[in-house]
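Engineer: Dropping in query.tsv, which is TSV, C-alpha atoms:
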```
chain	number	residue	atom	x	y	z
G	1	MET	CA	148.17	-134.15	-83.31
G	2	THR	CA	149.37	-134.36	-79.71
G	3	GLU	CA	152.97	-133.78	-78.77
G	4	ASN	CA	154.98	-136.30	-76.82
G	5	PRO	CA	154.81	-135.53	-73.09
G	6	PRO	CA	157.96	-134.53	-71.24
G	7	SER	CA	159.93	-137.52	-69.97
G	8	GLY	CA	158.39	-139.14	-66.93
G	9	THR	CA	155.23	-136.98	-66.78
G	10	GLY	CA	152.69	-139.58	-67.80
G	11	ARG	CA	151.12	-141.31	-70.77
G	12	PRO	CA	148.22	-140.26	-72.99
G	13	SER	CA	144.81	-141.76	-72.34
G	14	ALA	CA	143.68	-144.22	-75.01
G	15	VAL	CA	140.25	-142.57	-75.02
G	16	GLN	CA	141.33	-138.92	-74.65
G	17	PRO	CA	144.94	-138.56	-75.84
G	18	GLN	CA	145.07	-134.97	-74.57
G	19	VAL	CA	144.59	-136.28	-71.00
G	20	MET	CA	147.79	-137.50	-69.37
G	21	LEU	CA	147.56	-140.55	-67.12
G	22	GLU	CA	150.01	-141.53	-64.42
G	23	ARG	CA	152.23	-144.42	-65.46
G	24	ARG	CA	151.12	-146.62	-62.58
G	25	VAL	CA	148.25	-148.66	-61.19
G	26	THR	CA	146.86	-147.02	-58.06
G	27	PRO	CA	146.21	-149.12	-54.92
G	28	PHE	CA	142.51	-148.17	-55.16
G	29	PHE	CA	142.18	-149.54	-58.70
G	30	ALA	CA	144.24	-152.63	-57.81
G	31	THR	CA	141.99	-153.33	-54.83
G	32	LEU	CA	138.85	-152.84	-56.90
G	33	PHE	CA	140.03	-154.96	-59.83
G	34	TYR	CA	141.60	-157.83	-57.92
G	35	GLY	CA	138.90	-157.70	-55.25
G	36	PHE	CA	136.37	-158.43	-57.97
G	37	ILE	CA	138.46	-161.39	-59.18
G	38	ALA	CA	138.79	-162.78	-55.64
G	39	ALA	CA	135.06	-162.32	-55.00
G	40	ALA	CA	134.24	-164.18	-58.22
G	41	ALA	CA	136.48	-167.06	-57.15
G	42	TRP	CA	134.90	-167.16	-53.69
G	43	ILE	CA	131.36	-167.24	-55.11
G	44	TRP	CA	132.33	-169.86	-57.71
G	45	LEU	CA	133.74	-172.16	-55.04
G	46	THR	CA	131.15	-171.67	-52.32
G	47	VAL	CA	127.95	-171.32	-54.36
G	48	GLY	CA	128.81	-173.21	-57.54
G	49	ALA	CA	131.13	-175.95	-56.35
G	50	HIS	CA	130.09	-176.08	-52.66
G	51	LYS	CA	133.73	-176.18	-51.59
G	52	ASP	CA	135.51	-174.48	-48.71
G	53	PRO	CA	137.77	-171.72	-50.13
G	54	ILE	CA	139.76	-171.48	-46.90
G	55	ALA	CA	140.91	-175.10	-47.32
G	56	LEU	CA	142.72	-174.11	-50.51
G	57	TRP	CA	144.85	-171.70	-48.48
G	58	THR	CA	145.69	-174.23	-45.76
G	59	PRO	CA	148.80	-176.15	-46.85
G	60	ALA	CA	149.96	-179.41	-45.34
G	61	SER	CA	153.37	-177.78	-44.88
G	62	TRP	CA	153.86	-174.02	-44.86
G	63	VAL	CA	157.63	-174.39	-45.07
G	64	ARG	CA	157.48	-176.66	-48.10
G	65	ASP	CA	154.90	-174.56	-49.95
G	66	LEU	CA	156.69	-171.27	-49.27
G	67	ALA	CA	159.95	-172.83	-50.46
G	68	VAL	CA	158.28	-174.22	-53.60
G	69	GLY	CA	156.66	-170.85	-54.29
G	70	LEU	CA	159.91	-168.91	-53.88
G	71	GLY	CA	161.80	-171.44	-55.98
G	72	GLY	CA	159.22	-171.27	-58.75
G	73	GLY	CA	159.29	-167.49	-58.72
G	74	VAL	CA	163.08	-167.34	-58.94
G	75	ALA	CA	163.07	-169.93	-61.75
G	76	LEU	CA	160.51	-168.03	-63.84
G	77	VAL	CA	162.20	-164.67	-63.30
G	78	GLY	CA	165.50	-166.26	-64.29
G	79	ALA	CA	163.93	-167.73	-67.42
G	80	TRP	CA	162.50	-164.34	-68.45
G	81	THR	CA	165.92	-162.68	-68.07
G	82	LEU	CA	167.37	-165.24	-70.48
G	83	LEU	CA	165.03	-164.18	-73.27
G	84	PRO	CA	167.22	-162.72	-76.04
G	85	ARG	CA	167.21	-158.90	-75.83
G	86	GLY	CA	167.87	-158.89	-79.54
G	87	TRP	CA	164.33	-160.11	-80.20
G	88	SER	CA	162.09	-157.22	-81.17
G	89	ALA	CA	159.20	-158.95	-79.39
G	90	THR	CA	161.12	-158.95	-76.09
G	91	ARG	CA	162.12	-155.30	-76.37
G	92	GLU	CA	158.66	-154.14	-77.41
G	93	LEU	CA	156.89	-156.05	-74.62
G	94	GLU	CA	159.23	-154.62	-72.00
G	95	ARG	CA	158.86	-151.07	-73.28
G	96	GLU	CA	155.08	-151.35	-73.39
G	97	PHE	CA	154.98	-152.43	-69.74
G	98	GLY	CA	157.58	-149.80	-68.88
G	99	TRP	CA	155.43	-147.11	-70.48
G	100	ILE	CA	152.34	-148.25	-68.56
G	101	LEU	CA	153.90	-149.14	-65.17
G	102	GLY	CA	157.24	-147.32	-65.00
G	103	GLY	CA	155.91	-144.80	-62.48
G	104	GLN	CA	154.94	-147.45	-59.92
G	105	ARG	CA	156.09	-146.64	-56.36
G	106	THR	CA	157.83	-149.12	-54.06
G	107	GLY	CA	154.91	-149.66	-51.69
G	108	GLU	CA	152.52	-149.93	-54.61
G	109	ILE	CA	154.71	-152.57	-56.26
G	110	LEU	CA	154.67	-154.73	-53.13
G	111	TYR	CA	150.90	-154.34	-52.76
G	112	LEU	CA	150.18	-154.92	-56.44
G	113	ALA	CA	152.38	-158.02	-56.54
G	114	LEU	CA	150.64	-159.44	-53.46
G	115	VAL	CA	147.02	-158.80	-54.45
G	116	SER	CA	147.54	-159.89	-58.06
G	117	GLY	CA	149.24	-163.11	-56.98
G	118	VAL	CA	146.57	-163.99	-54.43
G	119	ALA	CA	143.51	-163.01	-56.48
G	120	GLU	CA	144.58	-164.53	-59.80
G	121	GLU	CA	145.66	-167.79	-58.19
G	122	PHE	CA	142.43	-167.93	-56.21
G	123	LEU	CA	140.49	-167.73	-59.48
G	124	PHE	CA	142.67	-169.76	-61.86
G	125	ARG	CA	144.47	-172.39	-59.78
G	126	GLY	CA	141.69	-172.35	-57.20
G	127	ALA	CA	138.17	-172.16	-58.61
G	128	MET	CA	138.96	-172.80	-62.26
G	129	GLN	CA	141.47	-175.63	-61.81
G	130	GLU	CA	139.07	-177.34	-59.42
G	131	ALA	CA	136.38	-177.26	-62.12
G	132	ALA	CA	138.27	-177.61	-65.41
G	133	GLY	CA	141.57	-179.27	-64.52
G	134	PRO	CA	145.13	-177.99	-64.93
G	135	VAL	CA	145.49	-178.26	-68.72
G	136	LEU	CA	142.40	-176.27	-69.69
G	137	THR	CA	143.05	-173.77	-66.90
G	138	THR	CA	146.59	-173.18	-68.17
G	139	ILE	CA	145.31	-172.61	-71.69
G	140	LEU	CA	142.64	-170.19	-70.46
G	141	PHE	CA	145.25	-168.37	-68.38
G	142	ALA	CA	147.27	-167.81	-71.55
G	143	VAL	CA	144.18	-166.75	-73.50
G	144	VAL	CA	143.24	-164.00	-71.02
G	145	HIS	CA	146.74	-162.60	-71.56
G	146	TRP	CA	145.99	-162.26	-75.27
G	147	PRO	CA	147.88	-159.33	-76.79
G	148	VAL	CA	145.97	-156.06	-76.89
G	149	ASN	CA	148.34	-154.95	-79.65
G	150	TRP	CA	151.25	-156.43	-81.62
G	151	SER	CA	153.82	-155.31	-79.04
G	152	PHE	CA	152.26	-157.72	-76.52
G	153	ARG	CA	152.48	-160.73	-78.88
G	154	LEU	CA	154.96	-162.55	-76.59
G	155	TRP	CA	152.79	-162.15	-73.48
G	156	PRO	CA	150.39	-165.12	-73.93
G	157	PHE	CA	153.31	-167.49	-74.52
G	158	LEU	CA	155.02	-166.32	-71.32
G	159	ALA	CA	151.70	-166.69	-69.51
G	160	LEU	CA	151.34	-170.23	-70.89
G	161	VAL	CA	154.73	-171.24	-69.45
G	162	ALA	CA	154.01	-169.52	-66.14
G	163	GLY	CA	150.54	-171.05	-66.00
G	164	ALA	CA	151.97	-174.55	-66.47
G	165	VAL	CA	154.41	-173.99	-63.58
G	166	LEU	CA	151.66	-172.59	-61.35
G	167	ALA	CA	149.29	-175.45	-62.19
G	168	ALA	CA	152.00	-177.99	-61.39
G	169	GLU	CA	152.67	-176.32	-58.03
G	170	ARG	CA	148.97	-176.40	-57.20
G	171	ALA	CA	148.66	-180.08	-58.14
G	172	TRP	CA	151.83	-181.05	-56.25
G	173	THR	CA	151.24	-179.15	-53.01
G	174	GLY	CA	147.46	-179.31	-52.92
G	175	SER	CA	147.14	-175.67	-51.88
G	176	LEU	CA	147.27	-172.19	-53.40
G	177	VAL	CA	150.13	-170.93	-51.24
G	178	ALA	CA	152.98	-172.02	-53.54
G	179	PRO	CA	151.46	-170.71	-56.81
G	180	ALA	CA	150.41	-167.45	-55.14
G	181	VAL	CA	153.95	-166.90	-53.82
G	182	THR	CA	155.44	-167.70	-57.24
G	183	HIS	CA	153.00	-165.34	-58.95
G	184	ALA	CA	153.71	-162.54	-56.46
G	185	VAL	CA	157.48	-162.95	-56.79
G	186	VAL	CA	157.35	-162.83	-60.59
G	187	ASN	CA	155.11	-159.76	-60.64
G	188	GLY	CA	157.05	-158.00	-57.89
G	189	VAL	CA	160.50	-158.52	-59.40
G	190	ASN	CA	159.33	-157.50	-62.87
G	191	LEU	CA	157.57	-154.40	-61.54
G	192	PHE	CA	160.68	-153.33	-59.61
G	193	ARG	CA	162.80	-153.87	-62.69
G	194	LEU	CA	160.45	-151.87	-64.92
G	195	ALA	CA	160.19	-149.04	-62.41
G	196	ASN	CA	163.97	-148.80	-62.12
G	197	LYS	CA	164.51	-148.87	-65.86
G	198	TYR	CA	161.58	-146.79	-67.11
G	199	ARG	CA	160.73	-144.40	-64.27
G	200	VAL	CA	161.90	-141.58	-66.51
G	201	TRP	CA	160.66	-142.22	-70.03
G	202	LYS	CA	163.09	-141.65	-72.86
G	203	GLU	CA	161.99	-141.92	-76.47
```
Represent the structure from my file as structure tokens, please.
Structural biologist:
Amino acid sequence: MTENPPSGTGRPSAVQPQVMLERRVTPFFATLFYGFIAAAAWIWLTVGAHKDPIALWTPASWVRDLAVGLGGGVALVGAWTLLPRGWSATRELEREFGWILGGQRTGEILYLALVSGVAEEFLFRGAMQEAAGPVLTTILFAVVHWPVNWSFRLWPFLALVAGAVLAAERAWTGSLVAPAVTHAVVNGVNLFRLANKYRVWKE
């Protein structure tokens, strides 16, 4: 049996519980992971669909799309904060993410929010929505957020709502700028909040 680590020192590895992992995603891993997602989207669009990926990132109006993206991000973050804290599902989901990501540093949060927003939107609202349409893409977006354990049971439903907003932004603006901004804002704000609340872990 392993003892609980001192507050804030790390979290046990799922494979080797005696090995303590940092409670953060490193920029190297983020670049590797989201770089793979972006590369898959690029190949899907250029080789499979014979479409120009750059065109998806060229909005008719930068001002409009940035405003839509920021507005969508603020709306989703506001909606998440209204979730009842009395729900066990809400508390457990937050603590799980706090345990995994509470050690994230400020610069890493900004970078992680940016690359995750760009790469995931490139794949889902870009390549996938072009091929499968917004409804199926939104459902698949929720499915890939399937809970890895019972504490994450609320996650796919939140992803379904977010996915619907992101798909609507993509369909309305015709580019990926608005959904990518919304995605980055949601991830960034939530990461900052988790880091502030759970930087030092308390049982």
Engineer: Report the distance between atom CA of G:Leu110 and atom CA of G:Arg11 in Å, rounded to one decimal place.
Structural biologist: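 About the pair atom CA of G:Leu110 and atom CA of G:Arg11: they are 22.4 Å apart.
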Engineer: Could you give me, as a count of residues only, the residues within 12 Å of stretch 34-46 of chain G, counting all atoms listed in the file and dropping anything in the same chain fewer than 5 positions from it?
Structural biologist: 31
Engineer: For atom CA of G:Ala49 and atom CA of G:Ser175, determine how far apart the two atoms are, in Å to one decimal place.
Structural biologist: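 Those two atoms sit 16.6 Å apart.
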Engineer: In Å, how far is it from atom CA of G:Thr182 to atom CA of G:Arg199?
Structural biologist: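 It comes out at 24.9 Å.
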Engineer: Quick one: of G:Ala164, G:Leu93, G:Val74, G:Val63, who's nearest to G:Asn149, counting only C-alpha atoms?
Structural biologist: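 Checking each of G:Ala164, G:Leu93, G:Val74, G:Val63 against G:Asn149, counting only C-alpha atoms, the winner is G:Leu93.
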Engineer: Output as an mmCIF file, keeping the file's coordinate frame: stretch 162-197 of chain G, completed with N, CA and C atoms.
Structural biologist:
```
data_model
loop_
_atom_site.group_PDB
_atom_site.id
_atom_site.type_symbol
_atom_site.label_atom_id
_atom_site.label_comp_id
_atom_site.auth_asym_id
_atom_site.auth_seq_id
_atom_site.Cartn_x
_atom_site.Cartn_y
_atom_site.Cartn_z
ATOM 1 N N ALA G 162 154.240 -169.803 -67.559
ATOM 2 C CA ALA G 162 154.010 -169.520 -66.140
ATOM 3 C C ALA G 162 152.810 -170.301 -65.623
ATOM 4 N N GLY G 163 151.740 -170.334 -66.420
ATOM 5 C CA GLY G 163 150.540 -171.050 -66.000
ATOM 6 C C GLY G 163 150.797 -172.529 -65.788
ATOM 7 N N ALA G 164 151.641 -173.129 -66.631
ATOM 8 C CA ALA G 164 151.970 -174.550 -66.470
ATOM 9 C C ALA G 164 152.731 -174.782 -65.161
ATOM 10 N N VAL G 165 153.658 -173.878 -64.840
ATOM 11 C CA VAL G 165 154.410 -173.990 -63.580
ATOM 12 C C VAL G 165 153.471 -173.833 -62.391
ATOM 13 N N LEU G 166 152.595 -172.848 -62.446
ATOM 14 C CA LEU G 166 151.660 -172.590 -61.350
ATOM 15 C C LEU G 166 150.675 -173.746 -61.164
ATOM 16 N N ALA G 167 150.200 -174.313 -62.271
ATOM 17 C CA ALA G 167 149.290 -175.450 -62.190
ATOM 18 C C ALA G 167 149.979 -176.661 -61.586
ATOM 19 N N ALA G 168 151.246 -176.866 -61.946
ATOM 20 C CA ALA G 168 152.000 -177.990 -61.390
ATOM 21 C C ALA G 168 152.215 -177.805 -59.889
ATOM 22 N N GLU G 169 152.502 -176.588 -59.465
ATOM 23 C CA GLU G 169 152.670 -176.320 -58.030
ATOM 24 C C GLU G 169 151.383 -176.590 -57.265
ATOM 25 N N ARG G 170 150.275 -176.175 -57.842
ATOM 26 C CA ARG G 170 148.970 -176.400 -57.200
ATOM 27 C C ARG G 170 148.672 -177.893 -57.078
ATOM 28 N N ALA G 171 148.932 -178.638 -58.151
ATOM 29 C CA ALA G 171 148.660 -180.080 -58.140
ATOM 30 C C ALA G 171 149.591 -180.802 -57.175
ATOM 31 N N TRP G 172 150.842 -180.372 -57.099
ATOM 32 C CA TRP G 172 151.830 -181.050 -56.250
ATOM 33 C C TRP G 172 151.591 -180.768 -54.772
ATOM 34 N N THR G 173 151.361 -179.504 -54.428
ATOM 35 C CA THR G 173 151.240 -179.150 -53.010
ATOM 36 C C THR G 173 149.829 -179.297 -52.473
ATOM 37 N N GLY G 174 148.849 -179.199 -53.361
ATOM 38 C CA GLY G 174 147.460 -179.310 -52.920
ATOM 39 C C GLY G 174 146.882 -178.037 -52.350
ATOM 40 N N SER G 175 147.647 -176.942 -52.381
ATOM 41 C CA SER G 175 147.140 -175.670 -51.880
ATOM 42 C C SER G 175 147.508 -174.550 -52.845
ATOM 43 N N LEU G 176 147.001 -173.351 -52.553
ATOM 44 C CA LEU G 176 147.270 -172.190 -53.400
ATOM 45 C C LEU G 176 148.457 -171.361 -52.923
ATOM 46 N N VAL G 177 149.053 -171.741 -51.817
ATOM 47 C CA VAL G 177 150.130 -170.930 -51.240
ATOM 48 C C VAL G 177 151.324 -170.864 -52.186
ATOM 49 N N ALA G 178 151.805 -172.001 -52.664
ATOM 50 C CA ALA G 178 152.980 -172.020 -53.540
ATOM 51 C C ALA G 178 152.755 -171.237 -54.830
ATOM 52 N N PRO G 179 151.663 -171.497 -55.590
ATOM 53 C CA PRO G 179 151.460 -170.710 -56.810
ATOM 54 C C PRO G 179 151.264 -169.228 -56.553
ATOM 55 N N ALA G 180 150.611 -168.874 -55.441
ATOM 56 C CA ALA G 180 150.410 -167.450 -55.140
ATOM 57 C C ALA G 180 151.745 -166.773 -54.840
ATOM 58 N N VAL G 181 152.628 -167.462 -54.112
ATOM 59 C CA VAL G 181 153.950 -166.900 -53.820
ATOM 60 C C VAL G 181 154.749 -166.746 -55.109
ATOM 61 N N THR G 182 154.734 -167.774 -55.959
ATOM 62 C CA THR G 182 155.440 -167.700 -57.240
ATOM 63 C C THR G 182 154.934 -166.522 -58.070
ATOM 64 N N HIS G 183 153.623 -166.401 -58.171
ATOM 65 C CA HIS G 183 153.000 -165.340 -58.950
ATOM 66 C C HIS G 183 153.399 -163.965 -58.408
ATOM 67 N N ALA G 184 153.357 -163.816 -57.083
ATOM 68 C CA ALA G 184 153.710 -162.540 -56.460
ATOM 69 C C ALA G 184 155.178 -162.195 -56.669
ATOM 70 N N VAL G 185 156.053 -163.194 -56.578
ATOM 71 C CA VAL G 185 157.480 -162.950 -56.790
ATOM 72 C C VAL G 185 157.750 -162.495 -58.212
ATOM 73 N N VAL G 186 157.152 -163.187 -59.185
ATOM 74 C CA VAL G 186 157.350 -162.830 -60.590
ATOM 75 C C VAL G 186 156.862 -161.402 -60.859
ATOM 76 N N ASN G 187 155.655 -161.099 -60.406
ATOM 77 C CA ASN G 187 155.110 -159.760 -60.640
ATOM 78 C C ASN G 187 155.925 -158.695 -59.914
ATOM 79 N N GLY G 188 156.300 -158.977 -58.669
ATOM 80 C CA GLY G 188 157.050 -158.000 -57.890
ATOM 81 C C GLY G 188 158.408 -157.693 -58.488
ATOM 82 N N VAL G 189 159.157 -158.722 -58.826
ATOM 83 C CA VAL G 189 160.500 -158.520 -59.400
ATOM 84 C C VAL G 189 160.407 -157.782 -60.722
ATOM 85 N N ASN G 190 159.456 -158.167 -61.569
ATOM 86 C CA ASN G 190 159.330 -157.500 -62.870
ATOM 87 C C ASN G 190 158.889 -156.051 -62.722
ATOM 88 N N LEU G 191 158.000 -155.775 -61.769
ATOM 89 C CA LEU G 191 157.570 -154.400 -61.540
ATOM 90 C C LEU G 191 158.718 -153.539 -61.028
ATOM 91 N N PHE G 192 159.513 -154.073 -60.102
ATOM 92 C CA PHE G 192 160.680 -153.330 -59.610
ATOM 93 C C PHE G 192 161.651 -153.045 -60.748
ATOM 94 N N ARG G 193 161.865 -154.029 -61.586
ATOM 95 C CA ARG G 193 162.800 -153.870 -62.690
ATOM 96 C C ARG G 193 162.303 -152.808 -63.679
ATOM 97 N N LEU G 194 161.018 -152.853 -64.002
ATOM 98 C CA LEU G 194 160.450 -151.870 -64.920
ATOM 99 C C LEU G 194 160.486 -150.463 -64.337
ATOM 100 N N ALA G 195 160.177 -150.351 -63.048
ATOM 101 C CA ALA G 195 160.190 -149.040 -62.410
ATOM 102 C C ALA G 195 161.593 -148.456 -62.385
ATOM 103 N N ASN G 196 162.586 -149.288 -62.141
ATOM 104 C CA ASN G 196 163.970 -148.800 -62.120
ATOM 105 C C ASN G 196 164.444 -148.386 -63.504
ATOM 106 N N LYS G 197 164.024 -149.128 -64.515
ATOM 107 C CA LYS G 197 164.510 -148.870 -65.860
ATOM 108 C C LYS G 197 163.743 -147.777 -66.583
#
```
